[in-house]
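Visitor: What follows is target_5.tsv, made up of TSV, C-alpha atoms:
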chain	number	residue	atom	x	y	z
A	1	LEU	CA	2.53	-15.39	-21.00
A	2	ILE	CA	6.01	-14.08	-20.13
A	3	GLU	CA	8.42	-16.80	-19.06
A	4	CYS	CA	10.76	-16.34	-16.10
A	5	TYR	CA	13.29	-18.11	-13.92
A	6	SER	CA	13.40	-15.58	-11.09
A	7	ILE	CA	11.57	-12.51	-9.78
A	8	PHE	CA	14.37	-10.41	-11.30
A	9	ASP	CA	13.31	-11.53	-14.79
A	10	CYS	CA	9.76	-10.32	-14.14
A	11	GLN	CA	10.78	-7.02	-12.63
A	12	VAL	CA	12.84	-6.28	-15.73
A	13	LYS	CA	10.36	-7.56	-18.31
A	14	VAL	CA	7.06	-6.55	-16.67
A	15	GLY	CA	7.53	-4.22	-13.71
A	16	PRO	CA	8.60	-3.93	-10.06
A	17	ARG	CA	5.47	-5.60	-8.68
A	18	SER	CA	5.50	-8.64	-10.93
A	19	GLU	CA	6.46	-12.00	-9.42
A	20	CYS	CA	7.78	-15.21	-10.95
A	21	ILE	CA	5.15	-17.88	-10.38
A	22	ASN	CA	6.63	-21.36	-9.86
A	23	GLN	CA	9.70	-20.23	-11.84
A	24	LYS	CA	7.60	-20.39	-15.00
A	25	TYR	CA	5.57	-17.26	-15.75
A	26	CYS	CA	5.52	-13.65	-14.63
A	27	SER	CA	2.48	-12.47	-12.75
A	28	ASN	CA	0.33	-9.51	-13.76
A	29	PRO	CA	1.16	-6.66	-11.32
A	30	TYR	CA	-2.37	-5.28	-11.70
A	31	HIS	CA	-3.86	-8.48	-10.32
A	32	ASN	CA	-2.41	-7.36	-7.01
A	33	GLY	CA	-4.60	-4.38	-6.05
A	34	GLY	CA	-5.34	-2.93	-9.47
A	35	CYS	CA	-4.05	-0.21	-11.76
A	36	LEU	CA	-4.66	2.86	-9.56
A	37	ALA	CA	-3.37	1.19	-6.40
A	38	ASN	CA	-0.12	0.35	-8.16
A	39	HIS	CA	0.20	3.84	-9.61
A	40	TYR	CA	-0.71	5.97	-6.60
A	41	HIS	CA	0.21	3.65	-3.73
A	42	PRO	CA	3.21	1.51	-4.76
A	43	ASN	CA	3.60	0.28	-1.15
A	44	TYR	CA	-0.10	-0.31	-0.53
A	45	ASP	CA	0.43	-3.95	0.46
A	46	LYS	CA	2.13	-2.69	3.61
A	47	GLU	CA	-0.97	-0.72	4.60
A	48	GLN	CA	-4.26	-1.87	6.02
A	49	GLN	CA	-6.81	-2.58	3.31
A	50	HIS	CA	-9.30	0.04	4.56
A	51	GLN	CA	-6.61	2.74	4.37
A	52	ASN	CA	-6.31	2.46	0.61
A	53	PRO	CA	-9.60	3.25	-1.17
A	54	ARG	CA	-8.10	2.56	-4.60
A	55	ILE	CA	-7.78	-1.23	-4.31
A	56	ARG	CA	-9.82	-2.92	-7.03
A	57	THR	CA	-13.17	-4.55	-6.31
A	58	CYS	CA	-13.26	-8.35	-6.02
A	59	THR	CA	-15.27	-10.32	-8.58
A	60	SER	CA	-16.71	-13.81	-8.74
A	61	GLU	CA	-13.67	-14.89	-10.77
A	62	ASP	CA	-11.17	-13.95	-8.07
A	63	PRO	CA	-9.97	-16.89	-5.95
A	64	PRO	CA	-11.16	-16.75	-2.30
A	65	GLU	CA	-7.69	-15.94	-0.99
A	66	SER	CA	-7.51	-12.70	-3.04
A	67	ARG	CA	-9.70	-10.85	-0.57
A	68	LYS	CA	-7.88	-12.28	2.44
A	69	ARG	CA	-4.52	-11.22	1.01
A	70	GLY	CA	-5.78	-7.70	0.29
A	71	LEU	CA	-5.45	-8.07	-3.49
A	72	CYS	CA	-9.02	-6.82	-3.88
A	73	ARG	CA	-11.90	-5.64	-1.71
A	74	PRO	CA	-15.65	-6.27	-1.65
A	75	SER	CA	-17.89	-3.51	-2.95
A	76	SER	CA	-18.81	-1.32	0.00
A	77	MET	CA	-21.83	-0.13	-1.99
A	78	GLY	CA	-23.09	-3.65	-2.56
A	79	TYR	CA	-23.28	-3.25	-6.35
A	80	ALA	CA	-24.27	-6.25	-8.44
A	81	GLU	CA	-21.61	-7.70	-10.73
A	82	ILE	CA	-21.82	-6.77	-14.41
A	83	ARG	CA	-20.26	-8.59	-17.36
A	84	LEU	CA	-18.76	-6.99	-20.47
A	85	ALA	CA	-18.44	-8.69	-23.87
A	86	SER	CA	-14.92	-8.26	-25.27
A	87	GLN	CA	-15.66	-8.99	-28.96
A	88	ASN	CA	-12.50	-10.14	-30.78
A	89	TRP	CA	-10.54	-7.05	-31.76
A	90	GLU	CA	-8.13	-4.83	-29.87
A	91	SER	CA	-10.07	-1.56	-29.60
A	92	VAL	CA	-12.78	-3.34	-27.63
A	93	PHE	CA	-10.15	-4.93	-25.38
A	94	PHE	CA	-8.91	-1.46	-24.46
A	95	SER	CA	-12.47	-0.21	-23.92
A	96	VAL	CA	-13.21	-3.16	-21.64
A	97	TRP	CA	-10.00	-2.63	-19.64
A	98	ILE	CA	-10.76	1.07	-19.18
A	99	LEU	CA	-14.27	0.20	-18.01
A	100	GLN	CA	-12.87	-2.39	-15.61
A	101	ILE	CA	-10.60	0.24	-14.06
A	102	LEU	CA	-13.26	2.96	-13.84
A	103	LEU	CA	-16.03	0.68	-12.61
A	104	GLY	CA	-14.01	-1.72	-10.47
A	105	GLU	CA	-11.49	0.66	-8.92
A	106	VAL	CA	-13.25	4.04	-8.81
A	107	LEU	CA	-16.96	3.15	-8.52
A	108	GLN	CA	-16.54	-0.22	-6.76
A	109	VAL	CA	-18.67	-2.13	-9.27
A	110	PRO	CA	-17.53	-5.77	-9.75
A	111	VAL	CA	-16.82	-6.39	-13.45
A	112	THR	CA	-16.01	-9.59	-15.35
A	113	VAL	CA	-15.37	-10.15	-19.05
A	114	GLU	CA	-17.20	-12.43	-21.50
A	115	THR	CA	-15.16	-13.82	-24.43
A	116	GLY	CA	-17.75	-16.27	-25.71
A	117	VAL	CA	-15.39	-19.21	-25.17
A	118	SER	CA	-15.11	-21.01	-21.85
A	119	ASP	CA	-11.32	-21.22	-21.65
A	120	LEU	CA	-10.37	-17.86	-23.22
A	121	ASN	CA	-9.63	-14.75	-21.18
A	122	VAL	CA	-9.42	-10.96	-21.67
A	123	ASP	CA	-9.55	-9.93	-18.00
A	124	PHE	CA	-7.31	-6.92	-17.24
A	125	TYR	CA	-6.59	-8.41	-13.81
A	126	ASP	CA	-5.79	-11.94	-14.96
A	127	GLN	CA	-3.01	-13.27	-12.75
A	128	HIS	CA	-0.75	-14.07	-15.71
A	129	GLY	CA	-1.75	-11.03	-17.78
A	130	SER	CA	-2.75	-13.26	-20.69
A	131	PHE	CA	-5.50	-12.51	-23.20
A	132	ASP	CA	-7.04	-14.30	-26.16
A	133	TYR	CA	-9.31	-13.53	-29.10
A	134	GLY	CA	-12.77	-14.94	-28.45
A	135	ARG	CA	-16.02	-14.61	-30.39
A	136	SER	CA	-17.75	-11.45	-31.53
A	137	ASN	CA	-21.31	-10.14	-31.86
A	138	LEU	CA	-22.70	-12.37	-29.14
A	139	TRP	CA	-26.30	-11.24	-29.37
A	140	ASP	CA	-27.41	-14.25	-27.31
A	141	SER	CA	-25.20	-13.07	-24.45
A	142	LEU	CA	-27.39	-9.97	-24.08
A	143	LYS	CA	-30.57	-12.04	-24.21
A	144	ASN	CA	-29.18	-14.43	-21.61
A	145	ALA	CA	-28.26	-11.55	-19.32
A	146	GLN	CA	-31.76	-10.14	-19.63
A	147	GLN	CA	-33.22	-13.50	-18.61
A	148	VAL	CA	-30.96	-14.39	-15.68
A	149	LYS	CA	-30.06	-10.78	-14.65
A	150	ASP	CA	-27.04	-12.06	-12.71
A	151	CYS	CA	-24.53	-13.62	-15.14
A	152	ARG	CA	-22.85	-15.45	-12.27
A	153	LYS	CA	-25.77	-17.87	-12.32
A	154	MET	CA	-25.12	-18.74	-15.97
A	155	MET	CA	-21.38	-19.03	-15.40
A	156	LYS	CA	-22.09	-21.53	-12.63
A	157	ARG	CA	-24.22	-23.57	-15.03
A	158	ASN	CA	-21.47	-23.44	-17.66
A	159	ASN	CA	-19.03	-25.01	-15.20
A	160	ASP	CA	-21.15	-28.16	-15.26
A	161	GLN	CA	-21.37	-28.37	-19.07
A	162	ASP	CA	-19.09	-29.27	-21.97
A	163	ASP	CA	-17.28	-26.49	-23.83
A	164	ASP	CA	-19.53	-26.84	-26.90
A	165	GLU	CA	-22.57	-26.15	-24.68
A	166	TYR	CA	-21.14	-22.94	-23.26
A	167	GLN	CA	-23.71	-20.14	-22.99
A	168	PRO	CA	-22.31	-16.57	-23.06
A	169	CYS	CA	-23.74	-13.88	-20.83
A	170	ALA	CA	-23.05	-10.13	-20.99
A	171	HIS	CA	-24.81	-6.94	-19.96
A	172	VAL	CA	-22.80	-4.67	-22.25
A	173	ILE	CA	-21.14	-4.89	-25.68
A	174	PRO	CA	-18.96	-1.75	-25.76
A	175	GLU	CA	-18.44	-1.63	-29.52
A	176	VAL	CA	-20.32	-2.94	-32.56
A	177	TRP	CA	-19.46	-2.23	-36.18
A	178	THR	CA	-21.98	-1.07	-38.75
A	179	GLY	CA	-23.87	-3.74	-40.66
A	180	TYR	CA	-25.78	-5.14	-37.71
A	181	GLU	CA	-28.47	-2.48	-37.51
A	182	SER	CA	-31.26	-5.01	-38.10
A	183	PHE	CA	-30.13	-7.15	-35.13
A	184	LEU	CA	-29.87	-4.13	-32.87
A	185	LYS	CA	-33.23	-2.77	-34.02
A	186	GLN	CA	-34.93	-6.08	-33.26
A	187	MET	CA	-33.35	-6.38	-29.83
A	188	ARG	CA	-34.35	-2.80	-29.08
A	189	GLU	CA	-37.95	-3.58	-30.05
A	190	ASP	CA	-37.81	-6.72	-27.88
A	191	LEU	CA	-36.58	-4.56	-24.97
A	192	VAL	CA	-33.38	-6.59	-24.70
A	193	ILE	CA	-31.15	-3.52	-25.04
A	194	GLU	CA	-31.42	0.23	-24.68
A	195	GLN	CA	-31.10	2.52	-27.67
A	196	PRO	CA	-27.56	2.14	-29.09
A	197	ALA	CA	-25.50	5.31	-29.46
A	198	SER	CA	-22.56	6.32	-31.61
A	199	LEU	CA	-19.10	6.10	-30.05
A	200	GLY	CA	-17.95	9.15	-31.94
A	201	ALA	CA	-14.85	7.31	-33.14
A	202	LEU	CA	-13.55	6.94	-36.69
A	203	ALA	CA	-13.36	3.22	-37.44
A	204	GLY	CA	-11.45	3.48	-40.69
A	205	ASN	CA	-9.92	5.99	-43.07
A	206	SER	CA	-8.33	5.61	-46.50
A	207	TRP	CA	-6.76	7.55	-49.33
A	208	TRP	CA	-8.01	6.82	-52.84
A	209	THR	CA	-6.13	7.57	-56.04
A	210	PRO	CA	-8.38	8.22	-59.07
A	211	LEU	CA	-7.44	6.41	-62.27
Have the structure of the file written as structure tokens, please.

Guide:
Amino acid sequence: LIECYSIFDCQVKVGPRSECINQKYCSNPYHNGGCLANHYHPNYDKEQQHQNPRIRTCTSEDPPESRKRGLCRPSSMGYAEIRLASQNWESVFFSVWILQILLGEVLQVPVTVETGVSDLNVDFYDQHGSFDYGRSNLWDSLKNAQQVKDCRKMMKRNNDQDDDEYQPCAHVIPEVWTGYESFLKQMREDLVIEQPASLGALAGNSWWTPL
């Protein structure tokens, strides 16, 4: 969180669309409309919502007033909400944020993020722009998503339970390191997941000096 005393602090530290919330913390400018709306239509809040097709899609985690204020829009295609697992390292965070922008702003698919911990957040559109390191390799989250289909149902159940009873739910884990082939093979055989594919990225590289 970025502290502030006035909107001027936030405009200098974060950007021209950031606001100082209760004279405490700067807001995330991308919460208001999304990444593409801010980039291509800096004055979009002065337009009618239907005149700007780049406003991000609302999700179940947006407060009700977000849609009324034009901060987001419902999916005109009626797509079901999907949930992405963020793992607990930075490359997955970036992958999740890119997917949120592409799916939520271009394709109008509502997207939320699963951290594996009830009070931790990695949402690109979080009002305060905060993010935390949650849990990784949440195989149960995929199984839960297969069972309930709509993760919003499980999130609603989690709201009525203690933190130690939290049940993760995710349709996609964007990145998994090697070493978990047996888990993935079993879930593939159980028809929990589709066939995993290589990302085509180099995870690590080193120079070795012979002795």

Visitor: May I ask for the distance between CA of Ser76 in chain A and CA of Asp123 in chain A, given in Å to one decimal place?

Guide: 22.0 Å

Visitor: From the set A:Leu102, A:Leu107, A:Ala85, A:Leu199, which residue has the shortest atom-to-atom contact distance to Ser141 in chain A, counting all atoms listed in the file?

Guide: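 The answer is A:Ala85, which sits nearest to Ser141 in chain A.
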
Visitor: Residues within 10 Å of (-25.8, -12.9, -14.7), file coordinates, counting all atoms listed in the file: what are they? Give the list as a JSON list (two decimals) with C-alpha atoms, in the coordinates of the input.

Guide:
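Once everything was written out, this is result15.json:
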[["chain", "number", "residue", "atom", "x", "y", "z"],
["A", 80, "ALA", "CA", -24.27, -6.25, -8.44],
["A", 81, "GLU", "CA", -21.61, -7.70, -10.73],
["A", 82, "ILE", "CA", -21.82, -6.77, -14.41],
["A", 83, "ARG", "CA", -20.26, -8.59, -17.36],
["A", 141, "SER", "CA", -25.20, -13.07, -24.45],
["A", 142, "LEU", "CA", -27.39, -9.97, -24.08],
["A", 144, "ASN", "CA", -29.18, -14.43, -21.61],
["A", 145, "ALA", "CA", -28.26, -11.55, -19.32],
["A", 146, "GLN", "CA", -31.76, -10.14, -19.63],
["A", 147, "GLN", "CA", -33.22, -13.50, -18.61],
["A", 148, "VAL", "CA", -30.96, -14.39, -15.68],
["A", 149, "LYS", "CA", -30.06, -10.78, -14.65],
["A", 150, "ASP", "CA", -27.04, -12.06, -12.71],
["A", 151, "CYS", "CA", -24.53, -13.62, -15.14],
["A", 152, "ARG", "CA", -22.85, -15.45, -12.27],
["A", 153, "LYS", "CA", -25.77, -17.87, -12.32],
["A", 154, "MET", "CA", -25.12, -18.74, -15.97],
["A", 155, "MET", "CA", -21.38, -19.03, -15.40],
["A", 156, "LYS", "CA", -22.09, -21.53, -12.63],
["A", 168, "PRO", "CA", -22.31, -16.57, -23.06],
["A", 169, "CYS", "CA", -23.74, -13.88, -20.83],
["A", 170, "ALA", "CA", -23.05, -10.13, -20.99],
["A", 171, "HIS", "CA", -24.81, -6.94, -19.96]]

Visitor: List the residues sitting within 12 Å of (-14.3, 1.9, -9.2) in the file's frame, using all atoms listed in the file, as a ChimeraX atom specification.

Guide: /A:33-37,53-58,72-77,79,98-111

Visitor: Measuring between all atoms listed in the file, which one of A:Glu90, A:Asp190, A:Glu61, A:Glu19 shows the shortest distance to Ser6 in chain A?

Guide: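 Counting all atoms listed in the file, the residue closest to Ser6 in chain A is A:Glu19.
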
Visitor: CA of Ser60 in chain A to CA of Asn38 in chain A: how many Å, to one decimal?

Guide: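 Result for CA of Ser60 in chain A versus CA of Asn38 in chain A: 21.8 Å, one decimal.
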
Visitor: Quick one: of A:Asp132, A:Asp62, A:Glu3, A:Glu114, who's nearest to Gln167 in chain A, counting only C-alpha atoms?

Guide: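 Using only C-alpha atoms, Gln167 in chain A sits closest to A:Glu114.
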
Visitor: Please list as a short mmCIF file (atom, residue, chain, number, x, y, z; two decimals) with C-alpha atoms, in the frame of the given file every residue within 12 Å of Arg17 in chain A, counting all atoms listed in the file and excluding residues in the same chain fewer than 3 positions away.

Guide:
data_model
loop_
_atom_site.label_atom_id
_atom_site.label_comp_id
_atom_site.auth_asym_id
_atom_site.auth_seq_id
_atom_site.Cartn_x
_atom_site.Cartn_y
_atom_site.Cartn_z
CA ILE A 7 11.57 -12.51 -9.78
CA PHE A 8 14.37 -10.41 -11.30
CA ASP A 9 13.31 -11.53 -14.79
CA CYS A 10 9.76 -10.32 -14.14
CA GLN A 11 10.78 -7.02 -12.63
CA VAL A 12 12.84 -6.28 -15.73
CA LYS A 13 10.36 -7.56 -18.31
CA VAL A 14 7.06 -6.55 -16.67
CA CYS A 20 7.78 -15.21 -10.95
CA CYS A 26 5.52 -13.65 -14.63
CA SER A 27 2.48 -12.47 -12.75
CA ASN A 28 0.33 -9.51 -13.76
CA PRO A 29 1.16 -6.66 -11.32
CA TYR A 30 -2.37 -5.28 -11.70
CA HIS A 31 -3.86 -8.48 -10.32
CA ASN A 32 -2.41 -7.36 -7.01
CA GLY A 33 -4.60 -4.38 -6.05
CA GLY A 34 -5.34 -2.93 -9.47
CA CYS A 35 -4.05 -0.21 -11.76
CA ALA A 37 -3.37 1.19 -6.40
CA ASN A 38 -0.12 0.35 -8.16
CA HIS A 39 0.20 3.84 -9.61
CA HIS A 41 0.21 3.65 -3.73
CA PRO A 42 3.21 1.51 -4.76
CA ASN A 43 3.60 0.28 -1.15
CA TYR A 44 -0.10 -0.31 -0.53
CA ASP A 45 0.43 -3.95 0.46
#

Visitor: Contacts of Ile193 in chain A at 10 Å or less, counting all atoms listed in the file, minus same-chain residues fewer than 4 places along, as a JSON list (two decimals) with C-alpha atoms, keeping the file's coordinate frame?

Guide:
[["chain", "number", "residue", "atom", "x", "y", "z"],
["A", 142, "LEU", "CA", -27.39, -9.97, -24.08],
["A", 143, "LYS", "CA", -30.57, -12.04, -24.21],
["A", 146, "GLN", "CA", -31.76, -10.14, -19.63],
["A", 171, "HIS", "CA", -24.81, -6.94, -19.96],
["A", 172, "VAL", "CA", -22.80, -4.67, -22.25],
["A", 184, "LEU", "CA", -29.87, -4.13, -32.87],
["A", 185, "LYS", "CA", -33.23, -2.77, -34.02],
["A", 186, "GLN", "CA", -34.93, -6.08, -33.26],
["A", 187, "MET", "CA", -33.35, -6.38, -29.83],
["A", 188, "ARG", "CA", -34.35, -2.80, -29.08],
["A", 189, "GLU", "CA", -37.95, -3.58, -30.05]]

Visitor: What is the CA of Ser136 in chain A-CA of Gln87 in chain A distance in Å, reported with one decimal?

Guide: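 Taking CA of Ser136 in chain A and CA of Gln87 in chain A, their separation equals 4.1 Å.
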
Visitor: Here is a test: counting all atoms listed in the file, which residue of A:Leu84, A:Ile173, A:Asn137, A:Ser130 is nearest to Thr112 in chain A?

Guide: A:Leu84

Visitor: Rank A:Leu138, A:Val192, A:Leu71, A:Val176 by their smallest atom-to-atom distance to Ser95 in chain A, using only C-alpha atoms, and report the top residue only.

Guide: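 For Ser95 in chain A, the nearest of the candidates is A:Val176.
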
Visitor: What are the centre and the three edge lengths of an axis-aligned box that wraps all atoms of range 148-159 of chain A in the file, given that 5 Å is added to every side, written as lines of an AutoDock Vina configuration file and rounded to one decimal in Å?

Guide:
center_x = -25.0
center_y = -17.9
center_z = -15.0
size_x = 21.9
size_y = 24.2
size_z = 15.4

Visitor: Using all atoms listed in the file, find the one residue out of A:Glu175, A:Gly116, A:Asp164, A:Lys68 that sits nearest to Val96 in chain A.

Guide: A:Glu175

Visitor: What's the 8 Å shell around Val117 in chain A, counting all atoms listed in the file, without same-chain residues fewer than 5 positions away, as a ChimeraX atom specification?

Guide: /A:134-135,163,166,168
